[in-house]
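Structure record follows, encoded as structure tokens.
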Amino acid sequence: MTTPAGLHALALVCSLKRSPDESSSGLMAEQVCENLGALGVTTEILRCADYVIEPGVEADMGNGDEWPKIREKVLAADILLISTPVWLGHPSSIAQRVLERLDAELSNTDDGGRPVMVGKVALVSVVGNEDGAHKTVADVFQALNDIGFSIPAQGCTYWNGEAMQGTDYKDLDSVPDPVADATAAATRNAAHLAGLLKVGLYPRYE
């Protein structure tokens, strides 16, 4: 596979833990980025809990809001990864806040009338030691699709531990083969789609 030069991916880790605490969703984001890097995509990882992200649906909520720093990086990326744990069967509260802040971009359009996120590709990774990975992926992908992101074929990777047990993804001795295969497929397809959109954007909305 040949990936067009110049692609960049941003991973937003939506763990409830701040750095430098270990995070399973952070570890999975690192693995996704390693796969993207092997395809020639440059990557950056941010732990959202390390920033003040105010509630709201505006690009800048003021009062020390640090979302604008993250937003600039999202705008500069070709691929966005949301990596979230499952809590009570749902994406983390931080993931939900990130999605709500991205909602502001629906009214931010380019000179063709397209929302600025149209043309960018979304990936989702999910970890948890409870059920709910498919629902969590569906929730996040639906929101990102509404905002304008394109979803590649098999564009997610996830791990669920045994229900009602305490093992975390970061506690595993190695990456299970099915997870590694899913991560490879998701990143391969995301890089391919991002390359296509880089040279052939969707039609104008006007």
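Numbering starts fresh at 1 for the residues of each chain in the structure tokens, the chains themselves are lettered A, B, ... in the order given, and ligands are numbered from 1 as they appear.
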
(message) Going by DSSP on the backbone, which residues of range 41-84 of chain A come out as helix (DSSP H, G or I)? List them as JSON, numbers by chain.
(response) {"A": [48, 49, 50, 67, 68, 69, 70, 71, 72, 73, 74, 75, 76]}

(request) Would you mind listing what lies within 10 Å of Gly40 in chain A as a VMD selection string, with only C-alpha atoms counted and same-chain residues fewer than 2 positions away left out? (result) chain A and resid 2 to 8 34 to 38 42 to 43 191

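The shortest atom-to-atom distance to Tyr169 in chain A, with only C-alpha atoms taken into account, belongs to A:Glu22 out of A:Glu22, A:Asp78, A:Asp139, A:Glu100.
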
(request) Go ahead and compute the interatomic distance for CA of Val121 in chain A and CA of Gly200 in chain A, in Å to one decimal. (result)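 Computing it gives 13.3 Å between the two atoms.
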
(request) Please provide as a ChimeraX atom specification all residues within 7 Å of range 86-91 of chain A, with the sequence filter that same-chain residues fewer than 6 positions apart are discarded (counting only C-alpha atoms). (result) /A:126-128,131-133,136

(message) Quick check, in Å to one decimal: how far apart do CA of Ala190 in chain A and CA of Gly148 in chain A lie?
(response)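 It comes out at 15.0 Å.
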
(request) For each of A:Glu206, A:Leu99, A:Thr157, A:Asp110, take the minimum atom-to-atom distance to Gln142 in chain A, counting only C-alpha atoms, then give the residue where this is smallest. (result)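 Between A:Glu206, A:Leu99, A:Thr157, A:Asp110, the residue approaching Gln142 in chain A most closely is A:Leu99.
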
(request) List the neighbours of Ile82 in chain A out to 7 Å using only C-alpha atoms; skip same-chain residues closer than 2 positions along the sequence, and give me the result as a PyMOL selection string. (result) chain A and resi 11-13+80+84+123-125

(request) For Arg97 in chain A, work out the shell of residues within 8 Å, counting only C-alpha atoms and skipping chain neighbours fewer than 2 positions away, then give it as a ChimeraX atom specification. (result) /A:53,55-56,93-95,99-101

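Relative to CA of Phe141 in chain A, CA of Arg71 in chain A is found at 18.3 Å.
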
(message) Env of Asp50 in chain A: 8 Å cut, atoms = only C-alpha atoms, seq-sep filter 2 positions within chain, self excluded. Answer as a ChimeraX atom specification.
(response) /A:18-19,47-48,52

(message) Need the shell around Leu197 in chain A: protein/DNA/RNA residues with any atom at most 9 Å away, counting only C-alpha atoms. Skip same-chain ones fewer than 3 positions apart. Format as a VMD selection string?
(response) chain A and resid 78 119 to 121 192 to 194 200 to 202

Using C-alpha atoms, can you write the selected residues to a file as a tab-separated table (two decimals), in the first residue's frame?
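New file part.tsv:
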```tsv
chain	number	residue	atom	x	y	z
A	78	ASP	CA	-6.30	14.71	8.12
A	119	GLY	CA	-12.81	15.75	4.05
A	120	LYS	CA	-11.27	14.56	7.31
A	121	VAL	CA	-11.31	10.90	8.36
A	192	HIS	CA	-6.16	5.18	2.21
A	193	LEU	CA	-9.38	7.19	2.53
A	194	ALA	CA	-7.58	10.26	3.85
A	200	GLY	CA	-10.53	14.77	-4.33
A	201	LEU	CA	-12.73	16.59	-1.83
A	202	TYR	CA	-16.51	16.12	-1.70
```

(request) Looking only at strand (DSSP E or B) from DSSP on the backbone, list the matching residues of range 91-202 of chain A as a list in words. (result)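 Output for range 91-202 of chain A, strand (DSSP E or B) only: Pro91, Thr109, Pro115, Val121, Ala122, Leu123, Val124, Ser125, Val126, Val127, Gly128, Ser150, Cys156, Thr157, Tyr158, Trp159 and Asn160 of chain A.
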
(message) Under the rule that only C-alpha atoms are counted, which of A:Gln165, A:Asn160, A:Asn63, A:Gln31 is the nearest residue to Leu81 in chain A?
(response) A:Gln31

(message) Let me make sure I understand: among A:Leu10, A:Ala122, A:Leu172, A:Val98, which one has the smallest atom-to-atom distance to Lys73 in chain A if we use only C-alpha atoms?
(response)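 So, comparing all the options, the nearest one is A:Leu10.
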
(request) Check the smallest atom-to-atom distance from each of A:Gly195, A:Gly62, A:Pro203, A:Gly113 to Pro152 in chain A using only C-alpha atoms, then report the winner. (result)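 Among the listed residues, A:Gly195 lies closest to Pro152 in chain A.
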